Every structure is written in C-alpha cells, then in structure tokens.
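Shown next: upload37.cif, containing mmCIF, C-alpha atoms.
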data_query
#
loop_
_atom_site.group_PDB
_atom_site.id
_atom_site.type_symbol
_atom_site.label_atom_id
_atom_site.label_comp_id
_atom_site.auth_asym_id
_atom_site.auth_seq_id
_atom_site.Cartn_x
_atom_site.Cartn_y
_atom_site.Cartn_z
ATOM 1 C CA MET A 1 33.804 -74.798 48.459
ATOM 2 C CA ALA A 2 34.573 -71.200 49.399
ATOM 3 C CA VAL A 3 32.644 -68.452 47.607
ATOM 4 C CA ILE A 4 34.732 -65.634 46.137
ATOM 5 C CA ILE A 5 32.675 -62.514 46.789
ATOM 6 C CA GLU A 6 32.986 -59.450 44.569
ATOM 7 C CA ALA A 7 33.933 -56.286 46.459
ATOM 8 C CA GLN A 8 30.621 -54.621 45.593
ATOM 9 C CA ALA A 9 28.717 -57.734 46.681
ATOM 10 C CA ASP A 10 30.506 -57.669 50.019
ATOM 11 C CA GLN A 11 29.461 -54.031 50.429
ATOM 12 C CA LEU A 12 25.869 -54.948 49.551
ATOM 13 C CA ILE A 13 25.875 -57.677 52.201
ATOM 14 C CA ARG A 14 27.016 -55.248 54.881
ATOM 15 C CA LEU A 15 24.567 -52.537 53.824
ATOM 16 C CA PHE A 16 21.607 -54.906 53.503
ATOM 17 C CA ASN A 17 22.265 -56.627 56.827
ATOM 18 C CA SER A 18 22.765 -53.371 58.713
ATOM 19 C CA THR A 19 19.465 -52.130 57.240
ATOM 20 C CA PHE A 20 17.232 -55.209 57.537
ATOM 21 C CA GLN A 21 18.692 -57.774 59.945
ATOM 22 C CA THR A 22 17.055 -56.227 62.994
ATOM 23 C CA THR A 23 13.899 -54.729 61.506
ATOM 24 C CA GLU A 24 13.013 -57.575 59.100
ATOM 25 C CA ASN A 25 15.025 -60.462 60.607
ATOM 26 C CA THR A 26 16.522 -60.909 57.131
ATOM 27 C CA VAL A 27 20.125 -61.209 55.957
ATOM 28 C CA LEU A 28 21.836 -61.301 52.569
ATOM 29 C CA VAL A 29 24.070 -64.353 52.040
ATOM 30 C CA ALA A 30 26.517 -65.275 49.274
ATOM 31 C CA GLY A 31 25.820 -68.803 48.042
ATOM 32 C CA SER A 32 27.962 -71.163 45.992
ATOM 33 C CA ALA A 33 25.111 -72.450 43.796
ATOM 34 C CA GLU A 34 21.708 -71.261 42.594
ATOM 35 C CA PRO A 35 20.028 -68.349 44.411
ATOM 36 C CA ILE A 36 17.258 -69.107 46.870
ATOM 37 C CA TYR A 37 15.177 -67.438 49.571
ATOM 38 C CA ARG A 38 15.025 -69.369 52.851
ATOM 39 C CA PRO A 39 12.666 -68.261 55.618
ATOM 40 C CA ALA A 40 13.737 -68.470 59.247
ATOM 41 C CA SER A 41 13.139 -71.856 60.841
ATOM 42 C CA ASN A 42 14.408 -74.184 63.555
ATOM 43 C CA GLN A 43 17.552 -74.546 61.436
ATOM 44 C CA ARG A 44 18.222 -70.852 60.835
ATOM 45 C CA GLN A 45 17.754 -67.757 62.978
ATOM 46 C CA HIS A 46 17.168 -65.280 60.143
ATOM 47 C CA ASN A 47 15.380 -65.220 56.819
ATOM 48 C CA GLU A 48 18.098 -65.578 54.180
ATOM 49 C CA VAL A 49 18.251 -63.945 50.758
ATOM 50 C CA VAL A 50 20.896 -66.153 49.121
ATOM 51 C CA PHE A 51 22.480 -64.898 45.901
ATOM 52 C CA ALA A 52 24.647 -66.789 43.409
ATOM 53 C CA HIS A 53 28.421 -67.109 43.305
ATOM 54 C CA GLY A 54 29.298 -63.878 45.076
ATOM 55 C CA TYR A 55 28.057 -61.673 42.221
ATOM 56 C CA ALA A 56 26.742 -58.179 43.015
ATOM 57 C CA ARG A 57 24.226 -58.329 40.163
ATOM 58 C CA SER A 58 22.792 -61.574 41.496
ATOM 59 C CA ALA A 59 22.553 -59.982 44.945
ATOM 60 C CA LEU A 60 20.543 -57.036 43.609
ATOM 61 C CA HIS A 61 18.270 -59.351 41.634
ATOM 62 C CA GLU A 62 17.452 -61.473 44.680
ATOM 63 C CA ILE A 63 16.993 -58.376 46.856
ATOM 64 C CA ALA A 64 14.508 -57.085 44.263
ATOM 65 C CA HIS A 65 12.458 -60.283 44.551
ATOM 66 C CA TRP A 66 12.487 -59.904 48.341
ATOM 67 C CA CYS A 67 11.432 -56.245 48.155
ATOM 68 C CA LEU A 68 8.454 -57.241 46.007
ATOM 69 C CA ALA A 69 7.359 -60.280 48.032
ATOM 70 C CA GLY A 70 4.437 -59.779 50.397
ATOM 71 C CA LYS A 71 4.338 -60.832 54.055
ATOM 72 C CA VAL A 72 2.833 -64.270 53.373
ATOM 73 C CA ARG A 73 5.283 -65.100 50.592
ATOM 74 C CA ARG A 74 8.235 -64.164 52.809
ATOM 75 C CA HIS A 75 7.329 -67.171 54.988
ATOM 76 C CA LEU A 76 7.751 -69.564 52.023
ATOM 77 C CA THR A 77 10.904 -71.017 50.477
ATOM 78 C CA ASP A 78 11.641 -69.071 47.273
ATOM 79 C CA PHE A 79 8.495 -67.061 48.090
ATOM 80 C CA GLY A 80 6.403 -70.066 47.004
ATOM 81 C CA TYR A 81 7.122 -69.529 43.307
ATOM 82 C CA TRP A 82 7.746 -72.295 40.782
ATOM 83 C CA TYR A 83 10.798 -71.803 38.605
ATOM 84 C CA ALA A 84 11.306 -73.433 35.195
ATOM 85 C CA PRO A 85 15.043 -73.854 34.462
ATOM 86 C CA ASP A 86 16.922 -72.884 31.307
ATOM 87 C CA GLY A 87 15.566 -74.678 28.262
ATOM 88 C CA ARG A 88 12.027 -73.309 28.565
ATOM 89 C CA SER A 89 9.447 -73.651 25.816
ATOM 90 C CA PRO A 90 8.165 -70.419 24.203
ATOM 91 C CA GLU A 91 5.063 -70.616 26.439
ATOM 92 C CA GLN A 92 7.154 -71.108 29.579
ATOM 93 C CA GLN A 93 9.464 -68.277 28.529
ATOM 94 C CA ALA A 94 6.522 -65.919 28.039
ATOM 95 C CA LEU A 95 5.320 -66.723 31.575
ATOM 96 C CA PHE A 96 8.846 -66.304 32.945
ATOM 97 C CA GLU A 97 9.181 -62.868 31.361
ATOM 98 C CA LYS A 98 5.750 -61.815 32.612
ATOM 99 C CA MET A 99 6.768 -62.748 36.175
ATOM 100 C CA GLU A 100 10.232 -61.167 35.852
ATOM 101 C CA VAL A 101 9.259 -57.702 34.609
ATOM 102 C CA GLY A 102 8.431 -56.421 38.113
ATOM 103 C CA PRO A 103 11.518 -57.760 39.913
ATOM 104 C CA GLN A 104 13.867 -56.651 37.138
ATOM 105 C CA ALA A 105 12.394 -53.141 37.180
ATOM 106 C CA ILE A 106 13.212 -52.987 40.900
ATOM 107 C CA GLU A 107 16.643 -54.526 40.299
ATOM 108 C CA TRP A 108 17.365 -51.789 37.742
ATOM 109 C CA TYR A 109 16.240 -49.125 40.234
ATOM 110 C CA LEU A 110 18.572 -50.568 42.892
ATOM 111 C CA SER A 111 21.406 -50.921 40.357
ATOM 112 C CA LEU A 112 21.137 -47.243 39.429
ATOM 113 C CA SER A 113 21.060 -46.382 43.138
ATOM 114 C CA ALA A 114 24.325 -48.275 43.669
ATOM 115 C CA GLY A 115 26.033 -47.286 40.425
ATOM 116 C CA ILE A 116 26.242 -50.965 39.430
ATOM 117 C CA GLY A 117 25.744 -51.907 35.783
ATOM 118 C CA PHE A 118 22.414 -53.509 34.906
ATOM 119 C CA GLU A 119 21.478 -55.846 32.096
ATOM 120 C CA ILE A 120 18.127 -57.527 31.592
ATOM 121 C CA SER A 121 18.062 -61.290 32.050
ATOM 122 C CA VAL A 122 15.909 -63.471 29.817
ATOM 123 C CA ASP A 123 17.795 -66.478 31.176
ATOM 124 C CA ASN A 124 16.967 -69.084 28.518
ATOM 125 C CA LEU A 125 20.175 -69.858 26.662
ATOM 126 C CA SER A 126 19.154 -73.360 25.562
ATOM 127 C CA GLY A 127 15.486 -72.653 24.839
ATOM 128 C CA ALA A 128 13.740 -73.618 21.614
ATOM 129 C CA GLU A 129 13.977 -70.054 20.291
ATOM 130 C CA GLN A 130 15.851 -66.916 21.282
ATOM 131 C CA PRO A 131 13.812 -64.509 23.435
ATOM 132 C CA ASN A 132 13.125 -61.015 22.112
ATOM 133 C CA ARG A 133 15.458 -59.033 24.351
ATOM 134 C CA PRO A 134 14.456 -55.548 23.091
ATOM 135 C CA GLN A 135 10.798 -56.346 23.754
ATOM 136 C CA PHE A 136 11.568 -57.505 27.298
ATOM 137 C CA ALA A 137 13.846 -54.504 27.934
ATOM 138 C CA HIS A 138 11.004 -52.213 26.851
ATOM 139 C CA ALA A 139 8.629 -53.961 29.273
ATOM 140 C CA VAL A 140 11.119 -53.562 32.154
ATOM 141 C CA VAL A 141 11.604 -49.870 31.376
ATOM 142 C CA GLU A 142 7.835 -49.282 31.165
ATOM 143 C CA ARG A 143 7.296 -51.017 34.519
ATOM 144 C CA ALA A 144 10.049 -48.951 36.127
ATOM 145 C CA LEU A 145 8.517 -45.725 34.802
ATOM 146 C CA GLU A 146 5.136 -46.800 36.190
ATOM 147 C CA ARG A 147 6.755 -47.520 39.555
ATOM 148 C CA ALA A 148 8.491 -44.141 39.546
ATOM 149 C CA GLN A 149 5.060 -42.501 39.286
ATOM 150 C CA GLU A 150 2.969 -44.779 41.510
ATOM 151 C CA GLY A 151 5.661 -45.591 44.075
ATOM 152 C CA TRP A 152 8.279 -48.262 44.621
ATOM 153 C CA PRO A 153 7.882 -50.954 47.323
ATOM 154 C CA PRO A 154 8.822 -49.407 50.693
ATOM 155 C CA ARG A 155 11.765 -51.750 51.359
ATOM 156 C CA ALA A 156 13.120 -50.993 47.880
ATOM 157 C CA VAL A 157 12.906 -47.246 48.560
ATOM 158 C CA LEU A 158 14.667 -47.648 51.906
ATOM 159 C CA PHE A 159 17.487 -49.739 50.454
ATOM 160 C CA ALA A 160 17.820 -47.493 47.394
ATOM 161 C CA THR A 161 18.293 -44.537 49.738
ATOM 162 C CA VAL A 162 20.985 -46.430 51.661
ATOM 163 C CA LEU A 163 22.726 -47.330 48.394
ATOM 164 C CA GLN A 164 22.546 -43.790 47.002
ATOM 165 C CA GLN A 165 24.099 -42.377 50.140
ATOM 166 C CA TYR A 166 26.830 -45.007 50.433
ATOM 167 C CA PHE A 167 27.825 -45.024 46.749
ATOM 168 C CA SER A 168 27.241 -41.260 46.251
ATOM 169 C CA GLN A 169 24.694 -41.781 43.482
ATOM 170 C CA PRO A 170 21.974 -39.344 42.396
ATOM 171 C CA LEU A 171 18.301 -39.811 43.132
ATOM 172 C CA VAL A 172 16.674 -42.140 40.601
ATOM 173 C CA THR A 173 14.102 -39.861 38.989
ATOM 174 C CA PHE A 174 11.539 -40.433 36.247
ATOM 175 C CA ALA A 175 13.736 -38.410 33.853
ATOM 176 C CA LEU A 176 16.819 -40.503 34.672
ATOM 177 C CA LEU A 177 14.870 -43.718 34.070
ATOM 178 C CA GLN A 178 13.605 -42.368 30.735
ATOM 179 C CA GLN A 179 17.115 -41.468 29.613
ATOM 180 C CA GLN A 180 18.800 -44.655 30.806
ATOM 181 C CA GLY A 181 15.875 -46.749 29.585
ATOM 182 C CA ALA A 182 16.141 -45.372 26.042
ATOM 183 C CA ASN A 183 19.854 -46.225 26.056
ATOM 184 C CA MET A 184 19.200 -49.751 27.325
ATOM 185 C CA ILE A 185 16.522 -50.452 24.700
ATOM 186 C CA ALA A 186 18.756 -49.095 21.913
ATOM 187 C CA GLN A 187 21.635 -51.338 23.027
ATOM 188 C CA GLU A 188 19.361 -54.366 23.139
ATOM 189 C CA GLN A 189 18.038 -53.589 19.656
ATOM 190 C CA GLN A 190 21.584 -53.365 18.275
ATOM 191 C CA ARG A 191 22.464 -56.644 19.944
ATOM 192 C CA TYR A 192 19.295 -58.342 18.679
ATOM 193 C CA TYR A 193 19.719 -57.239 15.058
ATOM 194 C CA ALA A 194 23.398 -58.233 15.084
ATOM 195 C CA MET A 195 22.369 -61.692 16.291
ATOM 196 C CA LEU A 196 19.745 -61.994 13.526
ATOM 197 C CA GLU A 197 22.268 -61.003 10.871
ATOM 198 C CA ALA A 198 24.718 -63.605 12.168
ATOM 199 C CA VAL A 199 22.187 -66.435 11.763
#

Give the structure from this file in structure tokens form.
Amino acid sequence: MAVIIEAQADQLIRLFNSTFQTTENTVLVAGSAEPIYRPASNQRQHNEVVFAHGYARSALHEIAHWCLAGKVRRHLTDFGYWYAPDGRSPEQQALFEKMEVGPQAIEWYLSLSAGIGFEISVDNLSGAEQPNRPQFAHAVVERALERAQEGWPPRAVLFATVLQQYFSQPLVTFALLQQQGANMIAQEQQRYYAMLEAV
C-alpha cells in the first residue's frame, strides 16, 4: 500500500537525508504502519528511522528518539527499548511517560525549529485511566528548559539549525521555550478540566 506523505514530511525526509545519510549512514523513511528504527544490516545499506503514515509530526518524534540514542543503541532495532502498546496500566503509563519526557522535549525543540505544530503524546487512549496531560506537558517543558541551559544532543542541534534555516524560523531560545511552554501547559489544563467536567 502506497504511503501518502505530507508535504512537510517530504521536506523533512530530504533535509534529514542530505544532513545525515553520508555522515551517520542514516536515512528517514515514511512507513505505512508503526514507526520503527532499523539498523543497517545485510538486508539494508543504511540505518533507517521509519516514521508512521507519512506524518511530519511522527517524523520529528522518531528523529528525536534517534538524536537521543547513544552509539550502542543505534546498533539495535528500536534502540533496544521495550514498548508497551496502548491500553497500559497506570504503572506502565508512568514508566512510558518517564521514558518519553526526554524525546518529546527534543521533538518540541525540532518542531519549533521547523515551525511545525507540536502536541504532547501520552498515547494511551484505551488505558485504565486517563493520563494527566498537564502534568506531562509540564515535565516536557521543564526538560526542554534544562536542555536549553545544559545543551541539546549534538545531532539535534545540527538538525535544528538545518530546519531553522530552511523554514526561516527563529533560534529556539530559553525565553521562547518559556513563553511557548506556558501556552502549552495552559492549553493542556483547559483541555483536562473540560474533560473532567464532561465526565
């Protein structure tokens, strides 16, 4: 089945591959199913960051995971991580969110660099209880602010620079993250309280 790729996702593929195919032997690929990271092997020449259904947001999320993964993990399928699917227990969801704070902070940084809308993903629609989205949004914002002070992963910085130049976006500063982060948390709080009132 052919994958319909969003225009922005197609641009991300070209930018990512022109930046990392030679230096990191890694390419960005639009997949028709769930995202996955596949290291180079006898079956494939390049490491492949495969994102879901041609969506730009999925592409940035998977790129963020790749930017965070160390050298050893980049030799393992899906970086060697175990993934619990939708329908997680509260304990599994807490672990999921703990593991996702770092990648989603980087995804947000890349999204701002490309001018592409960002929304946190708690990714547990059929779980036993609804995740606390404002709490998770706050954790993502805090991690991004920490990164802005201590430094982003080098591959994330390089790709953010490429994105900012191509999409004519401003530098992602601490002040910009503070401002945008406050807006994101406020939106999530409104959404959360509206959901509680509807129950």

Subject >> Point-to-point distance from atom CA of A:Glu97 to atom CA of A:Asn132, Å rounded to tenths >> reply: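 That distance, rounded to one decimal, is 10.2 Å.
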
**OP:** Write out as a list in words each polymer residue whose atoms come within 8 Å of A:Arg143, counting only C-alpha atoms; drop sequence neighbours fewer than 6 positions from it.
**Re:**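 Here the qualifying residues turn out to be Val101, Gly102 and Ala105 of chain A.
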
**OP:** Run the PyMOL selection byres ((chain A and resi 185) around 12) on the file and write out the hits as a list in words.
**Re:** Glu119, Ile120, Asn132, Arg133, Pro134, Gln135, Phe136, Ala137, His138, Ala139, Val140, Val141, Glu142, Leu177, Gln178, Gln179, Gln180, Gly181, Ala182, Asn183, Met184, Ala186, Gln187, Glu188, Gln189, Gln190, Arg191 and Tyr192 of chain A

**OP:** Starting from the displayed file, determine the output of the PyMOL selection byres ((chain A and resi 13) around 12) and express the residue list as JSON, numbers by chain.
**Re:** {"A": [5, 6, 7, 8, 9, 10, 11, 12, 14, 15, 16, 17, 18, 19, 20, 21, 26, 27, 28, 29, 30, 31, 48, 49, 50, 51, 54, 55, 56, 58, 59, 60, 62, 63, 159, 163]}

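Look at A:His46: the protein and nucleic acid residues within 6 Å of it, using all atoms listed in the file and passing over chain neighbours fewer than 2 places away, are Asn25, Thr26, Ala40 and Arg44 of chain A.
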
Selection from above, C-alpha atoms, as a PDB file, keeping the file's coordinate frame, can you write it?
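Result file is part-v8.pdb:
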ATOM      1  CA  ASN A  25      15.025 -60.462  60.607  1.00  0.00           C
ATOM      2  CA  THR A  26      16.522 -60.909  57.131  1.00  0.00           C
ATOM      3  CA  ALA A  40      13.737 -68.470  59.247  1.00  0.00           C
ATOM      4  CA  ARG A  44      18.222 -70.852  60.835  1.00  0.00           C
TER       5      ARG A  44
END

**OP:** For the file shown, report as JSON, numbers by chain the outcome of the PyMOL selection byres ((chain A and resi 160) around 8) at residue level.
**Re:** {"A": [109, 110, 113, 114, 156, 157, 158, 159, 161, 162, 163, 164]}
